[in-house]
Amino acid sequence: MLYPELFKSMESVRWNMSTDIPWDDFDRSKLSDEQAHTIKMNAITEWAALPATEMFLRDNREDSDFSAFMSVWFFEEQKHSLVLMEYLRRFVPELVPTEEELHKVRFEFDPAPAMETLMLHFCGEVRLNHWYRCAADWHTEPVIKAIYKTISQDEARHAGAYLRYMKRAISQRSEEAALQARQAFTKIGVLMASAHRTPQALHPTNLHVNKEMFPNDTVQSKLPEPGWLERWLDQQIRFDKDWEGKVSTRILHNLSLLMGTAFNTVQDLNRYRKELGRAQGGLIVPATSTSTAG
């Protein structure tokens with residue numbers, strides 16, 4: 001089981017909201033109204049860990065190890081929402097999200113294949129780590145800069161934990177199940193590492209998850225301003241091609257380690273994905289090189 005080790009490692013680096021956030025450094029002159037509004041939107045977005053956890057528990061009912069890890073992930077993600085709301089409560093109380101605004105992002109996600117969802121959230125954590133690092137650079141007020149740097153580090157650790165479960169899926173299952181996991185990871189990896197080619201921000205909170213509610217079935221569509229995320233990325237924190245390239249590179253690097261072969265480009269990964277499809281009938285995994293897996 002991975003949960004006991006992951007719990008211990010995350011417990012050892014967990015930050016304290018009272019003592020590890022430099023609240024006394026707040027400088028009102030360095031916080032614009034525009035910046036404060038984005039903090040509210042992010043606080044609501046982070047609250048969506050609640051329906052995501054409900055989805056994970058439902059779709060991983062047969063995996064008690066992973067389901068137990070959700071207790072750590074859920075706690076830390078909800079803590080992100082809480083620290084952003086605490087910032088607003090202390091310094092811009094009129095922008096604290098209402099309970100109604102928070103509750104709107106709690107809705108049911110359609111069932112989905114567990115391995116695809118696992119990979120999607122791994123990529124989501126990688127992307128969010130970079131979004132928050134970029135946001136920390138954009139903000140000018142010291143306390144919120146520190147908060148974004150802090151929670152970005154949590155997102156990186158969460159990505160690492162998901163990667164551990166992905167590695168388990170291809171090493172501790174039957175050959176057929178391992179091949180299916182590889183197919184799931186590469187399929188989603190091609191999509192999520194190609195975000196520079198799409199106008200849509202490729203993150204779990206911005207993807208459609210409930211057919212009956214379409215097109216209002218994304219977390220972002222439930223926010224007070226549904227179009228906020230694209231504006232935040234494109235016009236405010238300016239998450240540009242260089243930043244997007246860092247996300248793609250990180251996804252490809254980790255998949256290279258996971259699959260035991262080098263993916264320098266999305267095209268490399270896509271070719272490997274197609275090889276997996278051809279190999280499925282004979283349950284033969286494409287040849288790999290372990291030179292990148294150290």
# chains A, B, ... in the order shown; residues from 1 in each chain; ligands from 1

$ closest_atom_pairs --of "region 107-188 of chain A" --to "region 260-281 of chain A" --cutoff "12 Å" --atoms "only C-alpha atoms" --output "JSON lines"
{"residue": "A:Lys167", "atom": "CA", "partner": "A:Gly260", "partner_atom": "CA", "distance": 10.9}
{"residue": "A:Ile170", "atom": "CA", "partner": "A:Gly260", "partner_atom": "CA", "distance": 11.3}
{"residue": "A:Ser171", "atom": "CA", "partner": "A:Gly260", "partner_atom": "CA", "distance": 11.9}
{"residue": "A:Glu175", "atom": "CA", "partner": "A:Gln280", "partner_atom": "CA", "distance": 10.2}
{"residue": "A:Glu176", "atom": "CA", "partner": "A:Gln280", "partner_atom": "CA", "distance": 8.1}
{"residue": "A:Ala177", "atom": "CA", "partner": "A:Gln280", "partner_atom": "CA", "distance": 10.6}
{"residue": "A:Ala178", "atom": "CA", "partner": "A:Gln280", "partner_atom": "CA", "distance": 10.7}
{"residue": "A:Leu179", "atom": "CA", "partner": "A:Gln280", "partner_atom": "CA", "distance": 7.2}
{"residue": "A:Gln180", "atom": "CA", "partner": "A:Gln280", "partner_atom": "CA", "distance": 8.2}
{"residue": "A:Ala181", "atom": "CA", "partner": "A:Leu276", "partner_atom": "CA", "distance": 10.4}
{"residue": "A:Arg182", "atom": "CA", "partner": "A:Leu276", "partner_atom": "CA", "distance": 7.7}
{"residue": "A:Gln183", "atom": "CA", "partner": "A:Arg273", "partner_atom": "CA", "distance": 6.3}
{"residue": "A:Ala184", "atom": "CA", "partner": "A:Arg273", "partner_atom": "CA", "distance": 9.0}
{"residue": "A:Phe185", "atom": "CA", "partner": "A:Arg273", "partner_atom": "CA", "distance": 8.9}
{"residue": "A:Thr186", "atom": "CA", "partner": "A:Arg273", "partner_atom": "CA", "distance": 5.6}
{"residue": "A:Lys187", "atom": "CA", "partner": "A:Arg273", "partner_atom": "CA", "distance": 6.5}
{"residue": "A:Ile188", "atom": "CA", "partner": "A:Arg273", "partner_atom": "CA", "distance": 10.0}

$ residues_around --residues "region 156-165 of chain A" --least-positions-apart "4" --cutoff "8 Å" --atoms "only C-alpha atoms" --output "VMD selection string"
chain A and resid 2 6 10 66 73 118 to 119 121 to 123 125 to 126 129 152 169

$ residues_around --residues "Val83 (chain A)" --least-positions-apart "2" --cutoff "12 Å" --atoms "only C-alpha atoms" --output "ChimeraX atom specification"
/A:15-18,20-23,39-40,42-44,46-47,76-81,85-90,96,143-144,146-148,150-151

$ select_by_dssp --residues "region 92-268 of chain A" --states "alpha helix (DSSP H)" --output "PyMOL selection string"
chain A and resi 99-103+114-138+142-171+175-192+228-231+241-259+266-268

$ closest_residue --among "A:Glu155, A:Gln235, A:Leu257, A:Thr19" --to "Arg127 (chain A)" --atoms "only C-alpha atoms"
A:Glu155

$ closest_residue --among "A:Ala36, A:Ala114, A:Ala201, A:Met41" --to "Glu225 (chain A)" --atoms "only C-alpha atoms"
A:Met41

$ decode --residues "region 255-267 of chain A" --atoms "N, CA, C and O atoms" --output "compact mmCIF listing (two decimals), in the first residue's frame"
# COMPACT_ATOMS: atom_id res chain seq x y z
N LEU A 255 6.20 10.98 -17.98
CA LEU A 255 5.75 9.82 -18.73
C LEU A 255 6.94 9.03 -19.28
O LEU A 255 6.88 7.80 -19.39
N SER A 256 8.02 9.72 -19.61
CA SER A 256 9.23 9.02 -20.04
C SER A 256 9.75 8.12 -18.94
O SER A 256 10.11 6.96 -19.17
N LEU A 257 9.78 8.64 -17.72
CA LEU A 257 10.22 7.84 -16.58
C LEU A 257 9.26 6.68 -16.33
O LEU A 257 9.68 5.55 -16.06
N LEU A 258 7.98 6.94 -16.46
CA LEU A 258 6.96 5.94 -16.17
C LEU A 258 6.98 4.80 -17.19
O LEU A 258 6.90 3.62 -16.83
N MET A 259 7.12 5.15 -18.46
CA MET A 259 7.06 4.15 -19.53
C MET A 259 8.41 3.54 -19.85
O MET A 259 8.50 2.54 -20.57
N GLY A 260 9.49 4.16 -19.37
CA GLY A 260 10.81 3.62 -19.64
C GLY A 260 11.30 3.90 -21.04
O GLY A 260 12.12 3.15 -21.59
N THR A 261 10.83 4.97 -21.65
CA THR A 261 11.30 5.37 -22.98
C THR A 261 11.23 6.88 -23.06
O THR A 261 10.49 7.52 -22.31
N ALA A 262 12.02 7.46 -23.96
CA ALA A 262 12.14 8.92 -24.00
C ALA A 262 11.08 9.52 -24.92
O ALA A 262 10.94 9.12 -26.08
N PHE A 263 10.33 10.49 -24.37
CA PHE A 263 9.37 11.27 -25.16
C PHE A 263 9.84 12.72 -25.12
O PHE A 263 9.60 13.45 -24.16
N ASN A 264 10.49 13.13 -26.19
CA ASN A 264 10.98 14.51 -26.25
C ASN A 264 9.92 15.47 -26.76
O ASN A 264 10.00 16.68 -26.51
N THR A 265 8.95 14.94 -27.48
CA THR A 265 7.87 15.76 -28.03
C THR A 265 6.54 15.03 -27.85
O THR A 265 6.51 13.82 -27.59
N VAL A 266 5.46 15.77 -28.05
CA VAL A 266 4.14 15.16 -28.01
C VAL A 266 4.02 14.14 -29.14
O VAL A 266 3.35 13.10 -28.98
N GLN A 267 4.67 14.39 -30.26
CA GLN A 267 4.62 13.46 -31.38
C GLN A 267 5.25 12.12 -30.99
O GLN A 267 4.75 11.06 -31.39
